[in-house]
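Written below as structure tokens is the structure these notes are about.
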Amino acid sequence: ALRGRLRPGPAVFILYGVAAGIVVGLILGGRVDGLADLRIRLAWLAIAAFGVQVVLFLPGVGDALGAVAPAIYLASTLAILGVMLANVRIPGVALMAAGAVCNLAAILANGGSMPASPGAAASLGWTEAAGYSNSIVRPDAALAPLTDVFALPAWLPFANVFSVGDVLIAVGLAIAVAAAMRRRAPAG
């Protein structure tokens with residue numbers, strides 16, 4: 001049975017949310033340049049927190065940090081949630097925040113890692129890896145329905161495991177992108 005830490009590809013499931021938002025925005029008559037008018041409060045904090053996560057999950061970095069790595073992961077995830085809450089006025093962001101809360105609950109309940117179901121991980125051919133990762137195969141996960149229980153088909157680009165929270169984040173992101181594309185610049 002597959003058990004242990006994984007070294008999956010980057011968690012880019014949300015890129016599908018961006019792509020869907022652009023497609024829907026265009027279908028609804030929006031313009032991609034409308035995204036330039038989107039004002040995100042504390043965007044720098046979200047970028048910094050995401051950057052911390054990218055570095056944290058580079059081979060060897062989380063291992064070098066040891067027991068501090070899960071705390072850094074949780075702190076950066078909380079920072080991203082804070083940015084979402086600061087921008088809840090943007091259509092779709094409340095749904096994104098709900099997804100982030102679901103993911104954060106699963107991560108907290110499982111000691112600082114997001115569990116992936118053995119079936120979802122196996123469907124992508126993932127194997128155990130030594131070292132720190134944000135994803136761990138755990139058949140007995142706490143809050144199992146909120147963990148990574150789904151997997152994209154392996155033939156899709158960026159195939160990955162994902163959770164209900166990830167779905168909420170991706171749908172919220174699609175809504176935010178499509179709405180921003182439809183927004184008209186104020187008359188000057």
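Letters A, B, ... go to the chains of the structure tokens in the order shown; residues in each chain start at 1; ligands are counted from 1 in the same order.
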
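By chain and then residue number, the residues within 7 Å of range 80-85 of chain A are Arg41, Leu42, Ala46, Ala49, Val93, Ala97 and Ala100 of chain A, counting only C-alpha atoms and disregarding those fewer than 6 positions away in sequence.
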
Original post:
Which parts of range 143-172 of chain A does DSSP call strand (DSSP E) when run on the backbone here, written out as a PyMOL selection string?
Top reply: chain A and resi 150-151+161-162

Quick one: everything within 9 Å of Ala20 in chain A, counting only C-alpha atoms, minus sequence neighbours fewer than 2 positions away in the same chain. Send it as a compact mmCIF listing (two decimals) with N, CA and C atoms, in the first residue's frame.
# COMPACT_ATOMS: atom_id res chain seq x y z
N LEU A 15 -4.88 26.71 -11.97
CA LEU A 15 -4.68 27.25 -13.32
C LEU A 15 -5.87 26.93 -14.22
N TYR A 16 -6.50 25.79 -13.96
CA TYR A 16 -7.70 25.46 -14.72
C TYR A 16 -8.82 26.47 -14.41
N GLY A 17 -8.86 26.97 -13.19
CA GLY A 17 -9.84 28.00 -12.83
C GLY A 17 -9.59 29.30 -13.59
N VAL A 18 -8.32 29.67 -13.71
CA VAL A 18 -7.98 30.87 -14.48
C VAL A 18 -8.38 30.70 -15.93
N ILE A 22 -11.19 32.86 -18.06
CA ILE A 22 -10.91 33.60 -19.30
C ILE A 22 -11.87 33.18 -20.40
N VAL A 23 -12.07 31.87 -20.54
CA VAL A 23 -12.99 31.39 -21.58
C VAL A 23 -14.41 31.91 -21.33
N VAL A 24 -14.89 31.79 -20.11
CA VAL A 24 -16.24 32.28 -19.79
C VAL A 24 -16.32 33.79 -19.97
N GLY A 25 -15.29 34.50 -19.52
CA GLY A 25 -15.27 35.95 -19.70
C GLY A 25 -15.36 36.35 -21.16
N ALA A 170 -10.86 27.14 -7.30
CA ALA A 170 -10.81 27.25 -8.76
C ALA A 170 -12.08 27.88 -9.32
N VAL A 171 -13.25 27.48 -8.80
CA VAL A 171 -14.51 28.06 -9.29
C VAL A 171 -14.59 29.53 -8.91
N LEU A 173 -12.10 31.53 -8.43
CA LEU A 173 -11.14 32.22 -9.28
C LEU A 173 -11.69 32.43 -10.68
N ALA A 174 -12.37 31.42 -11.22
CA ALA A 174 -12.99 31.56 -12.54
C ALA A 174 -14.02 32.68 -12.53
N ILE A 175 -14.82 32.75 -11.48
CA ILE A 175 -15.82 33.81 -11.35
C ILE A 175 -15.13 35.17 -11.28
N VAL A 177 -12.17 36.08 -12.38
CA VAL A 177 -11.55 36.43 -13.67
C VAL A 177 -12.61 36.85 -14.67
N ALA A 178 -13.68 36.06 -14.80
CA ALA A 178 -14.74 36.38 -15.76
C ALA A 178 -15.40 37.72 -15.42

**OP:** Determine which residues of range 42-172 of chain A receive a DSSP assignment of alpha helix (DSSP H), computed from the backbone, and state them as a PyMOL selection string.
**Re:** chain A and resi 43-56+61-65+68-86+93-109+118-123+164-172

Subject >> Atomic separation - CA of Ala106 in chain A relative to CA of Leu152 in chain A, Å >> reply: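 Value for the CA of Leu152 in chain A-CA of Ala106 in chain A distance: 19.8 Å.
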
Subject >> Atomic distance CA of Thr147 in chain A - CA of Leu124 in chain A, expressed in Å with one decimal >> reply: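 A separation of 16.2 Å between them.
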
Subject >> Nearby residues (only C-alpha atoms) at most 10 Å from Val149 in chain A, same-chain spacing under 5 positions excluded, as JSON, numbers by chain >> reply: {"A": [115, 116, 117, 118, 119, 120, 121, 144, 161, 162, 163, 164]}

Original post:
What's the 10 Å shell around Asn110 in chain A, counting only C-alpha atoms, without same-chain residues fewer than 2 positions away, as a ChimeraX atom specification?
Top reply: /A:104-108,112-115,136,138,140-144,147

Residues from the last selection, C-alpha atoms, saved as a PDB file, in the first residue's frame:
ATOM      1  CA  LEU A 104      -6.595  24.859   6.003  1.00  0.00           C
ATOM      2  CA  ALA A 105      -8.874  22.786   8.265  1.00  0.00           C
ATOM      3  CA  ALA A 106      -7.643  19.567   6.612  1.00  0.00           C
ATOM      4  CA  ILE A 107      -4.005  20.664   6.842  1.00  0.00           C
ATOM      5  CA  LEU A 108      -4.329  21.648  10.517  1.00  0.00           C
ATOM      6  CA  GLY A 112       0.648  20.440   8.704  1.00  0.00           C
ATOM      7  CA  SER A 113       0.319  18.381   5.518  1.00  0.00           C
ATOM      8  CA  MET A 114      -2.572  17.869   3.126  1.00  0.00           C
ATOM      9  CA  PRO A 115      -3.391  14.161   2.973  1.00  0.00           C
ATOM     10  CA  ILE A 136       1.177  12.942   2.268  1.00  0.00           C
ATOM     11  CA  ARG A 138      -2.700   8.847   4.490  1.00  0.00           C
ATOM     12  CA  ASP A 140      -6.743   7.333   7.845  1.00  0.00           C
ATOM     13  CA  ALA A 141      -6.759  11.129   7.355  1.00  0.00           C
ATOM     14  CA  ALA A 142      -8.667  13.361   9.739  1.00  0.00           C
ATOM     15  CA  LEU A 143     -11.436  15.318   7.955  1.00  0.00           C
ATOM     16  CA  ALA A 144     -10.995  12.926   5.012  1.00  0.00           C
ATOM     17  CA  THR A 147      -8.479  16.184   1.780  1.00  0.00           C
TER      18      THR A 147
END

Original post:
Could you pull the residues within 7 Å of range 30-34 of chain A, counting only C-alpha atoms, minus those fewer than 5 positions along the same chain, as a list in words?
Top reply: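 Residues near the query, excluding close chain neighbours: Gly25, Ala180, Met181, Arg182 and Arg183 of chain A.
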
Take the residues from that selection and write them out as a compact mmCIF listing (two decimals), in the first residue's frame, keeping all heavy atoms.
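Result file result_18.txt:
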# COMPACT_ATOMS: atom_id res chain seq x y z
N GLY A 25 -15.29 34.50 -19.52
CA GLY A 25 -15.27 35.95 -19.70
C GLY A 25 -15.36 36.35 -21.16
O GLY A 25 -16.11 37.27 -21.51
N ALA A 180 -14.07 40.26 -13.75
CA ALA A 180 -13.12 41.35 -14.02
C ALA A 180 -13.04 41.64 -15.51
O ALA A 180 -12.91 42.80 -15.92
CB ALA A 180 -11.74 40.99 -13.49
N MET A 181 -13.15 40.62 -16.34
CA MET A 181 -13.09 40.83 -17.78
C MET A 181 -14.33 41.56 -18.29
O MET A 181 -14.27 42.26 -19.29
CB MET A 181 -12.97 39.48 -18.49
CG MET A 181 -11.61 38.83 -18.33
SD MET A 181 -11.53 37.16 -19.01
CE MET A 181 -11.86 37.47 -20.75
N ARG A 182 -15.43 41.42 -17.58
CA ARG A 182 -16.68 42.05 -17.99
C ARG A 182 -16.81 43.47 -17.45
O ARG A 182 -17.66 44.24 -17.89
CB ARG A 182 -17.88 41.23 -17.51
CG ARG A 182 -17.92 39.86 -18.06
CD ARG A 182 -18.97 39.59 -19.07
NE ARG A 182 -20.24 40.21 -18.73
CZ ARG A 182 -21.00 40.82 -19.62
NH1 ARG A 182 -20.61 40.92 -20.86
NH2 ARG A 182 -22.14 41.35 -19.27
N ARG A 183 -16.01 43.82 -16.48
CA ARG A 183 -16.09 45.14 -15.85
C ARG A 183 -15.69 46.22 -16.85
O ARG A 183 -14.73 46.09 -17.58
CB ARG A 183 -15.14 45.17 -14.65
CG ARG A 183 -15.54 46.20 -13.63
CD ARG A 183 -14.67 46.10 -12.41
NE ARG A 183 -15.29 45.21 -11.45
CZ ARG A 183 -14.65 44.36 -10.68
NH1 ARG A 183 -13.36 44.26 -10.74
NH2 ARG A 183 -15.30 43.62 -9.83

**OP:** Go through A:Gly51, A:Ala176, A:Pro153, A:Ala159 one by one, measure the shortest atom-to-atom distance of each to Ala19 in chain A using only C-alpha atoms, and give the residue with the smallest value.
**Re:** A:Ala176

**OP:** Name the closest residue to Phe50 in chain A among the candidates A:Ala79, A:Ala36, A:Ala122, A:Leu146; distances are taken between atoms, counting only C-alpha atoms.
**Re:**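 Result for the nearest residue to Phe50 in chain A: A:Ala79.
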
Subject >> For Val61 in chain A: contacts at 12 Å, only C-alpha atoms, fewer than 3 positions along chain excluded, given as number ranges by chain >> reply: A: 52-58, 64-70, 72, 131-133

Original post:
What is the distance between CA of Leu26 in chain A and CA of Arg89 in chain A, in Å to one decimal?
Top reply: 22.2 Å
